[in-house]
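Okay, start-v4.pdb is below, PDB, C-alpha atoms and all ligand atoms:
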ATOM      1  CA  MET C 170       0.000   0.000   0.000
ATOM      2  CA  ASN C 171       1.290   3.491  -0.797
ATOM      3  CA  ARG C 172      -0.062   6.921  -1.668
ATOM      4  CA  TYR C 173      -1.055   5.783  -5.144
ATOM      5  CA  PHE C 174      -2.636   2.465  -4.230
ATOM      6  CA  ASN C 175      -5.345   1.564  -1.761
ATOM      7  CA  VAL C 176      -7.263  -1.596  -0.902
ATOM      8  CA  SER C 177     -10.433  -1.000   1.131
ATOM      9  CA  ALA C 178     -10.470  -2.349   4.683
ATOM     10  CA  GLU C 179     -13.305  -4.735   3.778
ATOM     11  CA  VAL C 180     -11.444  -6.223   0.808
ATOM     12  CA  LYS C 181      -8.187  -6.455   2.756
ATOM     13  CA  SER C 182      -9.858  -8.248   5.618
ATOM     14  CA  ALA C 183     -11.635 -10.688   3.242
ATOM     15  CA  LEU C 184      -8.353 -11.548   1.529
ATOM     16  CA  GLU C 185      -6.694 -12.203   4.893
ATOM     17  CA  LYS C 186      -9.561 -14.461   6.003
ATOM     18  CA  ASN C 187      -9.820 -16.406   2.732
ATOM     19  CA  ILE C 188     -13.294 -14.954   2.067
ATOM     20  CA  PRO C 189     -13.931 -14.873  -1.717
ATOM     21  CA  VAL C 190     -13.406 -11.504  -3.403
ATOM     22  CA  VAL C 191     -14.636 -10.594  -6.892
ATOM     23  CA  ALA C 192     -13.208  -7.536  -8.640
ATOM     24  CA  LEU C 193     -15.217  -5.335 -11.009
ATOM     25  CA  GLU C 194     -13.979  -2.747 -13.485
ATOM     26  CA  SER C 195     -15.024   0.887 -13.885
ATOM     27  CA  THR C 196     -14.701   1.609 -17.625
ATOM     28  CA  ILE C 197     -17.946  -0.304 -17.968
ATOM     29  CA  ILE C 198     -19.471   2.140 -15.452
ATOM     30  CA  CYS C 199     -18.081   5.360 -16.959
ATOM     31  CA  HIS C 200     -17.972   4.502 -20.674
ATOM     32  CA  GLY C 201     -19.962   1.284 -21.083
ATOM     33  CA  MET C 202     -23.416   2.408 -19.972
ATOM     34  CA  PRO C 203     -25.326   5.679 -19.637
ATOM     35  CA  TYR C 204     -26.107   7.380 -16.316
ATOM     36  CA  PRO C 205     -28.076   6.474 -14.196
ATOM     37  CA  GLN C 206     -28.282   2.826 -15.381
ATOM     38  CA  ASN C 207     -24.505   2.570 -14.962
ATOM     39  CA  VAL C 208     -24.645   3.390 -11.247
ATOM     40  CA  GLU C 209     -27.739   1.243 -10.691
ATOM     41  CA  THR C 210     -26.020  -1.691 -12.395
ATOM     42  CA  ALA C 211     -22.743  -1.217 -10.518
ATOM     43  CA  LEU C 212     -24.569  -1.160  -7.178
ATOM     44  CA  ALA C 213     -26.820  -4.092  -8.133
ATOM     45  CA  VAL C 214     -23.675  -6.029  -9.048
ATOM     46  CA  GLU C 215     -22.178  -5.335  -5.618
ATOM     47  CA  LYS C 216     -25.380  -6.629  -4.028
ATOM     48  CA  ILE C 217     -25.290  -9.833  -6.101
ATOM     49  CA  VAL C 218     -21.709 -10.415  -4.943
ATOM     50  CA  ARG C 219     -22.645  -9.904  -1.286
ATOM     51  CA  ASP C 220     -25.733 -12.113  -1.569
ATOM     52  CA  LYS C 221     -23.400 -14.823  -2.850
ATOM     53  CA  GLY C 222     -21.317 -14.537   0.331
ATOM     54  CA  CYS C 223     -18.439 -12.792  -1.453
ATOM     55  CA  VAL C 224     -16.919  -9.317  -1.180
ATOM     56  CA  PRO C 225     -17.071  -6.927  -4.177
ATOM     57  CA  ALA C 226     -13.972  -4.968  -5.175
ATOM     58  CA  THR C 227     -14.968  -2.300  -7.674
ATOM     59  CA  THR C 228     -11.744  -0.811  -8.983
ATOM     60  CA  ALA C 229     -11.014   2.712 -10.238
ATOM     61  CA  ILE C 230      -8.524   5.542  -9.885
ATOM     62  CA  VAL C 231     -10.016   7.958  -7.383
ATOM     63  CA  GLY C 232      -8.203  11.285  -7.147
ATOM     64  CA  GLY C 233      -5.007   9.625  -8.334
ATOM     65  CA  VAL C 234      -5.296   6.621  -6.034
ATOM     66  CA  LEU C 235      -5.692   3.210  -7.675
ATOM     67  CA  THR C 236      -8.482   1.922  -5.445
ATOM     68  CA  VAL C 237      -9.555  -1.713  -5.053
ATOM     69  CA  GLY C 238     -12.916  -1.667  -3.261
ATOM     70  CA  CYS C 239     -14.572   1.657  -4.131
ATOM     71  CA  SER C 240     -17.269   2.932  -1.784
ATOM     72  CA  LYS C 241     -20.864   3.462  -2.860
ATOM     73  CA  ARG C 242     -20.212   7.199  -2.908
ATOM     74  CA  GLN C 243     -17.178   6.811  -5.143
ATOM     75  CA  ILE C 244     -19.156   4.611  -7.558
ATOM     76  CA  GLU C 245     -21.934   7.221  -7.714
ATOM     77  CA  LEU C 246     -19.446  10.010  -8.355
ATOM     78  CA  LEU C 247     -17.635   8.138 -11.136
ATOM     79  CA  GLY C 248     -20.923   7.069 -12.729
ATOM     80  CA  ARG C 249     -22.233  10.638 -12.756
ATOM     81  CA  GLN C 250     -19.012  11.916 -14.359
ATOM     82  CA  GLY C 251     -19.382   9.205 -17.026
ATOM     83  CA  MET C 252     -17.523   9.753 -20.283
ATOM     84  CA  SER C 253     -15.525  12.656 -18.820
ATOM     85  CA  VAL C 254     -13.564  10.204 -16.634
ATOM     86  CA  VAL C 255     -10.313   9.240 -18.365
ATOM     87  CA  LYS C 256     -10.107   5.646 -19.542
ATOM     88  CA  ALA C 257      -7.260   3.982 -17.655
ATOM     89  CA  SER C 258      -5.429   1.083 -19.212
ATOM     90  CA  ARG C 259      -1.964  -0.010 -17.994
ATOM     91  CA  ARG C 260      -0.063   2.848 -19.643
ATOM     92  CA  ASP C 261      -2.383   5.492 -18.152
ATOM     93  CA  LEU C 262      -2.057   4.420 -14.510
ATOM     94  CA  PRO C 263       1.105   6.356 -13.510
ATOM     95  CA  VAL C 264       0.038   9.489 -15.386
ATOM     96  CA  LEU C 265      -3.391   9.712 -13.726
ATOM     97  CA  SER C 266      -1.850   8.929 -10.341
ATOM     98  CA  ALA C 267       0.740  11.673 -10.633
ATOM     99  CA  LYS C 268      -1.940  14.109 -11.849
ATOM    100  CA  GLY C 269      -4.171  13.135  -8.937
ATOM    101  CA  ILE C 270      -7.280  12.710 -11.080
ATOM    102  CA  ASN C 271      -9.997  10.078 -11.564
ATOM    103  CA  GLY C 272      -9.653   7.197 -13.991
ATOM    104  CA  ALA C 273     -11.956   4.411 -15.162
ATOM    105  CA  THR C 274      -9.899   1.233 -15.193
ATOM    106  CA  THR C 275     -10.225  -1.044 -18.225
ATOM    107  CA  VAL C 276      -9.819  -4.805 -18.059
ATOM    108  CA  ALA C 277      -6.036  -4.334 -18.282
ATOM    109  CA  GLY C 278      -5.975  -1.583 -15.623
ATOM    110  CA  THR C 279      -8.240  -3.566 -13.301
ATOM    111  CA  MET C 280      -6.223  -6.777 -13.717
ATOM    112  CA  TYR C 281      -3.066  -4.942 -12.752
ATOM    113  CA  ALA C 282      -4.776  -3.537  -9.625
ATOM    114  CA  CYS C 283      -6.054  -7.052  -8.789
ATOM    115  CA  LYS C 284      -2.535  -8.381  -8.920
ATOM    116  CA  LEU C 285      -1.263  -5.681  -6.564
ATOM    117  CA  ALA C 286      -4.124  -6.404  -4.147
ATOM    118  CA  GLY C 287      -4.003 -10.206  -4.429
ATOM    119  CA  VAL C 288      -7.471 -10.642  -5.986
ATOM    120  CA  ASP C 289      -7.714 -13.675  -8.287
ATOM    121  CA  VAL C 290     -11.101 -13.352  -9.978
ATOM    122  CA  PHE C 291     -12.581 -10.443 -11.879
ATOM    123  CA  ALA C 292     -15.941 -10.142 -13.675
ATOM    124  CA  THR C 293     -16.833  -7.813 -16.506
ATOM    125  CA  GLY C 294     -19.020  -7.573 -19.634
ATOM    126  CA  GLY C 295     -16.720  -7.765 -22.643
ATOM    127  CA  ILE C 296     -12.969  -7.566 -23.094
ATOM    128  CA  GLY C 297     -10.919  -5.597 -25.568
ATOM    129  CA  GLY C 298      -9.118  -7.459 -28.345
ATOM    130  CA  ALA C 299      -7.882  -7.307 -31.907
ATOM    131  CA  HIS C 300      -9.949  -4.796 -33.843
ATOM    132  CA  ARG C 301     -11.102  -5.551 -37.363
ATOM    133  CA  ASN C 302      -8.256  -4.585 -39.703
ATOM    134  CA  SER C 303      -5.756  -4.791 -36.844
ATOM    135  CA  GLU C 304      -3.462  -6.782 -39.136
ATOM    136  CA  LYS C 305      -2.924  -3.325 -40.694
ATOM    137  CA  THR C 306      -3.666  -0.836 -37.906
ATOM    138  CA  MET C 307      -2.082  -2.891 -35.090
ATOM    139  CA  ASP C 308      -4.978  -1.798 -32.855
ATOM    140  CA  ILE C 309      -4.895  -4.696 -30.409
ATOM    141  CA  SER C 310      -6.136  -3.984 -26.896
ATOM    142  CA  ALA C 311      -3.651  -3.922 -24.028
ATOM    143  CA  ASP C 312      -6.158  -6.265 -22.320
ATOM    144  CA  LEU C 313      -4.625  -9.162 -24.257
ATOM    145  CA  ASP C 314      -1.058  -8.394 -23.172
ATOM    146  CA  GLU C 315      -2.257  -7.999 -19.595
ATOM    147  CA  LEU C 316      -3.810 -11.469 -19.769
ATOM    148  CA  GLN C 317      -0.408 -12.724 -20.891
ATOM    149  CA  GLN C 318       1.486 -11.349 -17.925
ATOM    150  CA  THR C 319      -0.909 -10.882 -15.021
ATOM    151  CA  ASP C 320      -2.219 -13.788 -13.022
ATOM    152  CA  VAL C 321      -5.932 -12.932 -12.791
ATOM    153  CA  THR C 322      -8.925 -14.838 -14.160
ATOM    154  CA  VAL C 323     -11.352 -12.666 -16.122
ATOM    155  CA  VAL C 324     -14.977 -13.752 -16.540
ATOM    156  CA  CYS C 325     -16.696 -12.105 -19.522
ATOM    157  CA  ALA C 326     -19.371 -12.738 -22.164
ATOM    158  CA  GLY C 327     -16.776 -12.975 -24.932
ATOM    159  CA  ALA C 328     -15.928 -10.047 -27.155
ATOM    160  CA  LYS C 329     -18.218  -7.792 -29.165
ATOM    161  CA  SER C 330     -17.989  -8.235 -32.879
ATOM    162  CA  ILE C 331     -16.666  -4.667 -33.065
ATOM    163  CA  LEU C 332     -13.523  -6.830 -32.862
ATOM    164  CA  ASP C 333     -12.163  -9.484 -35.166
ATOM    165  CA  ILE C 334     -12.971 -12.382 -32.848
ATOM    166  CA  GLY C 335     -10.906 -14.913 -34.803
ATOM    167  CA  LEU C 336      -7.806 -12.700 -34.628
ATOM    168  CA  THR C 337      -8.474 -12.010 -30.940
ATOM    169  CA  LEU C 338      -8.450 -15.759 -30.249
ATOM    170  CA  GLU C 339      -5.208 -16.145 -32.234
ATOM    171  CA  CYS C 340      -3.611 -13.367 -30.171
ATOM    172  CA  LEU C 341      -4.693 -15.081 -26.948
ATOM    173  CA  GLU C 342      -3.239 -18.378 -28.116
ATOM    174  CA  THR C 343       0.079 -16.713 -28.971
ATOM    175  CA  ARG C 344       0.128 -15.161 -25.502
ATOM    176  CA  GLY C 345      -0.488 -18.468 -23.767
ATOM    177  CA  VAL C 346      -3.912 -17.513 -22.421
ATOM    178  CA  PRO C 347      -6.423 -20.378 -22.175
ATOM    179  CA  VAL C 348      -9.971 -19.492 -23.225
ATOM    180  CA  ILE C 349     -12.454 -21.548 -21.236
ATOM    181  CA  GLY C 350     -16.090 -21.783 -22.273
ATOM    182  CA  TYR C 351     -18.446 -22.140 -19.335
ATOM    183  CA  ARG C 352     -20.944 -24.812 -20.330
ATOM    184  CA  THR C 353     -20.268 -24.071 -24.003
ATOM    185  CA  ASP C 354     -17.916 -25.054 -26.835
ATOM    186  CA  ASP C 355     -18.576 -21.792 -28.654
ATOM    187  CA  MET C 356     -16.842 -18.470 -28.235
ATOM    188  CA  PRO C 357     -19.702 -16.082 -27.441
ATOM    189  CA  ALA C 358     -19.914 -12.619 -29.025
ATOM    190  CA  PHE C 359     -21.307 -10.611 -26.092
ATOM    191  CA  TYR C 360     -24.845  -9.933 -27.395
ATOM    192  CA  THR C 361     -25.083 -13.383 -28.958
ATOM    193  CA  ARG C 362     -24.178 -16.846 -27.666
ATOM    194  CA  LYS C 363     -22.094 -17.827 -30.692
ATOM    195  CA  SER C 364     -19.471 -16.109 -32.841
ATOM    196  CA  GLY C 365     -18.676 -18.918 -35.261
ATOM    197  CA  PHE C 366     -15.446 -19.661 -33.352
ATOM    198  CA  LYS C 367     -14.731 -22.339 -30.771
ATOM    199  CA  VAL C 368     -13.202 -21.956 -27.313
ATOM    200  CA  ASP C 369     -10.065 -23.869 -26.280
ATOM    201  CA  TYR C 370     -11.741 -25.853 -23.519
ATOM    202  CA  ARG C 371     -15.225 -26.352 -22.205
ATOM    203  CA  MET C 372     -15.749 -26.603 -18.442
ATOM    204  CA  ASP C 373     -19.090 -27.278 -16.803
ATOM    205  CA  SER C 374     -18.360 -26.374 -13.187
ATOM    206  CA  ALA C 375     -16.832 -23.515 -11.210
ATOM    207  CA  GLU C 376     -14.807 -26.103  -9.260
ATOM    208  CA  GLU C 377     -13.048 -27.279 -12.413
ATOM    209  CA  ILE C 378     -12.195 -23.696 -13.340
ATOM    210  CA  ALA C 379     -10.884 -23.010  -9.812
ATOM    211  CA  ALA C 380      -8.739 -26.166  -9.956
ATOM    212  CA  THR C 381      -7.275 -24.899 -13.252
ATOM    213  CA  ILE C 382      -6.435 -21.531 -11.666
ATOM    214  CA  LEU C 383      -4.573 -23.301  -8.861
ATOM    215  CA  ALA C 384      -2.753 -25.614 -11.282
ATOM    216  CA  ARG C 385      -1.662 -22.585 -13.281
ATOM    217  CA  LYS C 386      -0.256 -20.954 -10.155
ATOM    218  CA  GLU C 387       1.538 -24.098  -9.046
ATOM    219  CA  LEU C 388       3.131 -24.406 -12.476
ATOM    220  CA  GLN C 389       4.284 -20.787 -12.062
ATOM    221  CA  LEU C 390       2.624 -19.759 -15.312
ATOM    222  CA  ASN C 391       2.397 -16.025 -14.855
ATOM    223  CA  GLY C 392      -0.516 -14.972 -17.013
ATOM    224  CA  GLY C 393      -4.260 -15.026 -16.564
ATOM    225  CA  MET C 394      -7.150 -17.003 -17.974
ATOM    226  CA  LEU C 395     -10.255 -15.969 -19.820
ATOM    227  CA  VAL C 396     -13.561 -17.566 -18.873
ATOM    228  CA  VAL C 397     -16.319 -16.890 -21.384
ATOM    229  CA  ASN C 398     -19.929 -17.156 -20.293
ATOM    230  CA  PRO C 399     -22.604 -16.730 -22.980
ATOM    231  CA  VAL C 400     -25.338 -14.138 -22.455
ATOM    232  CA  PRO C 401     -28.385 -15.878 -20.910
ATOM    233  CA  GLU C 402     -30.553 -17.295 -23.706
ATOM    234  CA  GLU C 403     -33.577 -15.123 -22.903
ATOM    235  CA  TYR C 404     -31.540 -11.900 -23.295
ATOM    236  CA  SER C 405     -29.469 -12.844 -26.357
ATOM    237  CA  MET C 406     -30.033 -10.640 -29.399
ATOM    238  CA  ASP C 407     -30.734 -11.373 -33.059
ATOM    239  CA  PRO C 408     -27.254 -11.700 -34.644
ATOM    240  CA  ASP C 409     -28.247 -10.113 -37.977
ATOM    241  CA  TYR C 410     -29.760  -7.091 -36.258
ATOM    242  CA  ILE C 411     -26.884  -6.412 -33.852
ATOM    243  CA  ASN C 412     -24.130  -7.208 -36.371
ATOM    244  CA  GLY C 413     -25.745  -4.778 -38.817
ATOM    245  CA  LYS C 414     -25.621  -2.030 -36.182
ATOM    246  CA  ILE C 415     -22.012  -2.891 -35.354
ATOM    247  CA  SER C 416     -20.991  -2.678 -39.026
ATOM    248  CA  GLU C 417     -22.663   0.728 -39.310
ATOM    249  CA  ALA C 418     -20.776   1.945 -36.228
ATOM    250  CA  ILE C 419     -17.439   0.722 -37.642
ATOM    251  CA  ALA C 420     -18.121   2.423 -40.995
ATOM    252  CA  GLU C 421     -18.937   5.669 -39.166
ATOM    253  CA  ALA C 422     -15.706   5.471 -37.123
ATOM    254  CA  ASP C 423     -13.757   4.904 -40.357
ATOM    255  CA  ARG C 424     -15.424   7.873 -41.999
ATOM    256  CA  LEU C 425     -14.654  10.141 -39.033
ATOM    257  CA  GLY C 426     -11.084   8.830 -38.770
ATOM    258  CA  ILE C 427     -11.516   7.718 -35.151
ATOM    259  CA  GLY C 428      -8.736   5.548 -33.764
ATOM    260  CA  GLY C 429      -6.530   4.907 -30.748
ATOM    261  CA  LYS C 430      -8.064   4.780 -27.301
ATOM    262  CA  GLU C 431     -11.180   6.616 -28.566
ATOM    263  CA  LEU C 432     -12.200   3.828 -30.929
ATOM    264  CA  THR C 433     -13.723   1.356 -28.435
ATOM    265  CA  PRO C 434     -15.749   3.991 -26.505
ATOM    266  CA  PHE C 435     -16.941   5.514 -29.806
ATOM    267  CA  LEU C 436     -18.165   2.149 -31.086
ATOM    268  CA  LEU C 437     -19.821   1.229 -27.783
ATOM    269  CA  ASP C 438     -21.635   4.560 -27.626
ATOM    270  CA  SER C 439     -22.682   4.475 -31.253
ATOM    271  CA  ILE C 440     -24.138   0.949 -30.926
ATOM    272  CA  ARG C 441     -25.963   1.936 -27.784
ATOM    273  CA  ARG C 442     -27.577   4.911 -29.530
ATOM    274  CA  SER C 443     -28.429   3.108 -32.749
ATOM    275  CA  THR C 444     -30.079   0.197 -30.952
ATOM    276  CA  ASP C 445     -32.140   2.680 -28.976
ATOM    277  CA  GLY C 446     -31.139   1.205 -25.675
ATOM    278  CA  GLU C 447     -32.395  -2.222 -26.748
ATOM    279  CA  SER C 448     -28.897  -3.602 -26.246
ATOM    280  CA  LEU C 449     -28.670  -2.176 -22.729
ATOM    281  CA  GLU C 450     -30.854  -4.850 -21.130
ATOM    282  CA  ALA C 451     -28.727  -7.627 -22.673
ATOM    283  CA  ASN C 452     -25.616  -5.800 -21.499
ATOM    284  CA  ILE C 453     -26.863  -5.502 -17.906
ATOM    285  CA  GLN C 454     -28.111  -9.089 -17.708
ATOM    286  CA  LEU C 455     -24.932 -10.608 -19.066
ATOM    287  CA  VAL C 456     -22.898  -8.675 -16.501
ATOM    288  CA  TYR C 457     -25.096 -10.077 -13.700
ATOM    289  CA  SER C 458     -24.632 -13.569 -15.067
ATOM    290  CA  ASN C 459     -20.834 -13.150 -15.288
ATOM    291  CA  VAL C 460     -20.714 -11.800 -11.754
ATOM    292  CA  ARG C 461     -22.605 -14.840 -10.395
ATOM    293  CA  LEU C 462     -20.203 -17.183 -12.154
ATOM    294  CA  ALA C 463     -17.186 -15.218 -10.902
ATOM    295  CA  CYS C 464     -18.542 -15.558  -7.341
ATOM    296  CA  ASP C 465     -18.856 -19.322  -7.776
ATOM    297  CA  ILE C 466     -15.286 -19.547  -9.085
ATOM    298  CA  ALA C 467     -13.876 -17.333  -6.299
ATOM    299  CA  SER C 468     -15.768 -19.383  -3.686
ATOM    300  CA  ALA C 469     -14.509 -22.670  -5.160
ATOM    301  CA  LEU C 470     -10.968 -21.299  -5.107
ATOM    302  CA  CYS C 471     -11.237 -20.360  -1.420
ATOM    303  CA  ALA C 472     -12.659 -23.812  -0.625
ATOM    304  CA  LEU C 473      -9.772 -25.509  -2.443
ATOM    305  CA  ARG C 474      -7.261 -23.340  -0.585
ATOM    306  CA  SER C 475      -8.705 -24.177   2.788
ATOM    307  CA  GLY C 476      -8.675 -27.864   1.808
ATOM    308  CA  LYS C 477     -12.458 -28.262   2.063
TER     309      LYS C 477
HETATM  310  N1  LIG L   1     -15.741  -3.960 -24.729
HETATM  311  C1  LIG L   1     -17.017  -3.944 -24.325
HETATM  312  N2  LIG L   1     -17.354  -3.176 -23.262
HETATM  313  C2  LIG L   1     -16.428  -2.415 -22.591
HETATM  314  C3  LIG L   1     -15.081  -2.463 -23.035
HETATM  315  C4  LIG L   1     -14.775  -3.234 -24.100
HETATM  316  O1  LIG L   1     -17.851  -4.617 -24.892
HETATM  317  O2  LIG L   1     -16.782  -1.716 -21.631
HETATM  318  C5  LIG L   1     -14.051  -1.653 -22.292
HETATM  319  C6  LIG L   1     -13.349  -2.553 -21.262
HETATM  320  O3  LIG L   1     -13.028  -1.781 -20.121
HETATM  321  C7  LIG L   1     -12.073  -2.940 -21.992
HETATM  322  C8  LIG L   1     -11.780  -1.692 -22.786
HETATM  323  O4  LIG L   1     -11.013  -3.286 -21.142
HETATM  324  O5  LIG L   1     -13.041  -1.216 -23.207
HETATM  325  C9  LIG L   1     -10.869  -1.978 -23.949
HETATM  326  O6  LIG L   1     -10.522  -0.780 -24.587
HETATM  327  P1  LIG L   1      -9.426  -0.806 -25.742
HETATM  328  O7  LIG L   1     -10.038  -1.568 -26.880
HETATM  329  O8  LIG L   1      -9.210   0.616 -26.105
HETATM  330  O9  LIG L   1      -8.211  -1.452 -25.180
HETATM  331 MN    MN L   2      -7.005   0.115 -29.017
END

Target encoding structure tokens, full file:
Amino acid sequence: MNRYFNVSAEVKSALEKNIPVVALESTIICHGMPYPQNVETALAVEKIVRDKGCVPATTAIVGGVLTVGCSKRQIELLGRQGMSVVKASRRDLPVLSAKGINGATTVAGTMYACKLAGVDVFATGGIGGAHRNSEKTMDISADLDELQQTDVTVVCAGAKSILDIGLTLECLETRGVPVIGYRTDDMPAFYTRKSGFKVDYRMDSAEEIAATILARKELQLNGGMLVVNPVPEEYSMDPDYINGKISEAIAEADRLGIGGKELTPFLLDSIRRSTDGESLEANIQLVYSNVRLACDIASALCALRSGK
């Protein structure tokens, strides 16, 4: 712990007592959903985690301090500030800390904070990856490199087809990151349960996933794992409809020359607007589902550690 890094007393105490902790990111709060649904969802997620007997660790940079275990007040503040909060991936962390300002941690930023705090399991909606055309633009999310080097398991609903999902899977393979489908052989595409690509392994229980996390640690393999959990059937969207909207958003970004760190938020926002909020319900429900699975994995991990 130092002036740039803080773990809440509740999270610290849970980690010491082998009580399961599940981390949550904040880019999804600030850039992934509109206010006030973002704050409502973030607080509902914390409640789900507690009801599961686990401790939530929402992560963000608050006034320059990388914080694992944000308070309700901090979540409300960040959610209200929304898009004006700077997106914080690995490279942004020291800059925002030294400036003493707020930052919304991405998957990469949150994984790094998890490692510092000693949190093993982290739930989110979708991860970053290799963008379409990245064989030319080299726009590949730092999330993938973080998964290569940082020992944290990320539970998500796959990747949105704003990305080239096939290339994203190739990048993960190159980086030695196993992609585990929870009760599925198919790589999900966030809004839909299938992307046309397969996962590396299918696992049907949280216990099996937890055992794999422990095996990975014992083998001293440094990186993380990706667990993909398809959106619940009743909330999955029509692939033709959503993929059409995604293609329109990508064409618009191309036309406006949007790239770099602005590209993902631009696409997310554009899809949200063009689907008239219809995608928001799927987005919220898949996050809840990922959080429940992450709780089961974190609980199984604690049970294995205590030899139960
Ligand atoms: N994809 C989504 N929703 C998100 C993100 C990605 O479907 O909220 C966010 C996550 O925080 C992810 C980040 O870590 O965007 C990746 O941004 P980039 O592609 O610029 O690395
Ligand atoms: Mn990028």

Give me, as a list in words, all polymer residues having an atom no more than 10 Å from C:Ile331, counting only C-alpha atoms and skipping those fewer than 4 positions away in the same chain.
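Skipping anything fewer than 4 positions along the chain leaves Gly297, Gly298, Ala299, His300, Arg301, Ala358, Asn412, Lys414, Ile415, Ser416, Ala418, Ile419, Leu432, Thr433, Leu436, Leu437 and Ile440 of chain C.
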
Within 9 Å of stretch 287-292 of chain C using only C-alpha atoms, minus same-chain residues under 2 positions, as a ChimeraX atom specification
/C:184,189-194,226,276,279-280,282-285,294,320-325,382,456,459-464,466-467,470

Using only C-alpha atoms, can you tell me which of C:Asp314, C:Glu431, C:Glu376, C:Asp308 comes closest to C:Gly392?
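The answer is C:Asp314, which sits nearest to C:Gly392.
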
Evaluate the PyMOL selection byres (((not hetatm)) within 6 of (chain L and resi 2)) and report residues as JSON, numbers by chain
{"C": [308, 309, 310, 429, 430]}

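Among C:Val231, C:Ile427, C:Val397, C:Leu332, the residue with the shortest atom-to-atom distance to ligand LIG 1 (chain L), counting all atoms listed in the file, is C:Leu332.
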
Given the PyMOL selection byres (((chain C and resi 177) around 8) and not hetatm), the residues it picks as a VMD selection string
chain C and resid 175 to 176 178 to 181 236 to 239

Between atom CA of C:Gly251 and atom CA of C:Phe174, what is the distance, to one decimal in Å?
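Separation of atom CA of C:Gly251 and atom CA of C:Phe174: 22.1 Å.
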
Give as a CSV table (one decimal) with C-alpha atoms, keeping the file's coordinate frame the residues that the PyMOL selection byres (((chain C and resi 201) around 12) and not hetatm) matches when applied to the coordinates above.
chain,number,residue,atom,x,y,z
C,194,GLU,CA,-14.0,-2.7,-13.5
C,195,SER,CA,-15.0,0.9,-13.9
C,196,THR,CA,-14.7,1.6,-17.6
C,197,ILE,CA,-17.9,-0.3,-18.0
C,198,ILE,CA,-19.5,2.1,-15.5
C,199,CYS,CA,-18.1,5.4,-17.0
C,200,HIS,CA,-18.0,4.5,-20.7
C,202,MET,CA,-23.4,2.4,-20.0
C,203,PRO,CA,-25.3,5.7,-19.6
C,204,TYR,CA,-26.1,7.4,-16.3
C,205,PRO,CA,-28.1,6.5,-14.2
C,206,GLN,CA,-28.3,2.8,-15.4
C,207,ASN,CA,-24.5,2.6,-15.0
C,208,VAL,CA,-24.6,3.4,-11.2
C,210,THR,CA,-26.0,-1.7,-12.4
C,211,ALA,CA,-22.7,-1.2,-10.5
C,248,GLY,CA,-20.9,7.1,-12.7
C,251,GLY,CA,-19.4,9.2,-17.0
C,252,MET,CA,-17.5,9.8,-20.3
C,254,VAL,CA,-13.6,10.2,-16.6
C,256,LYS,CA,-10.1,5.6,-19.5
C,273,ALA,CA,-12.0,4.4,-15.2
C,274,THR,CA,-9.9,1.2,-15.2
C,275,THR,CA,-10.2,-1.0,-18.2
C,293,THR,CA,-16.8,-7.8,-16.5
C,294,GLY,CA,-19.0,-7.6,-19.6
C,295,GLY,CA,-16.7,-7.8,-22.6
C,296,ILE,CA,-13.0,-7.6,-23.1
C,433,THR,CA,-13.7,1.4,-28.4
C,434,PRO,CA,-15.7,4.0,-26.5
C,435,PHE,CA,-16.9,5.5,-29.8
C,436,LEU,CA,-18.2,2.1,-31.1
C,437,LEU,CA,-19.8,1.2,-27.8
C,438,ASP,CA,-21.6,4.6,-27.6
C,439,SER,CA,-22.7,4.5,-31.3
C,440,ILE,CA,-24.1,0.9,-30.9
C,441,ARG,CA,-26.0,1.9,-27.8
C,442,ARG,CA,-27.6,4.9,-29.5
C,448,SER,CA,-28.9,-3.6,-26.2
C,449,LEU,CA,-28.7,-2.2,-22.7
C,452,ASN,CA,-25.6,-5.8,-21.5
C,453,ILE,CA,-26.9,-5.5,-17.9
C,456,VAL,CA,-22.9,-8.7,-16.5

Expressed in Å to a single decimal, how great is the separation between atom CA of C:Arg371 and atom CA of C:Glu342?
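Atom CA of C:Glu342 lies at a distance of 15.6 Å from atom CA of C:Arg371.
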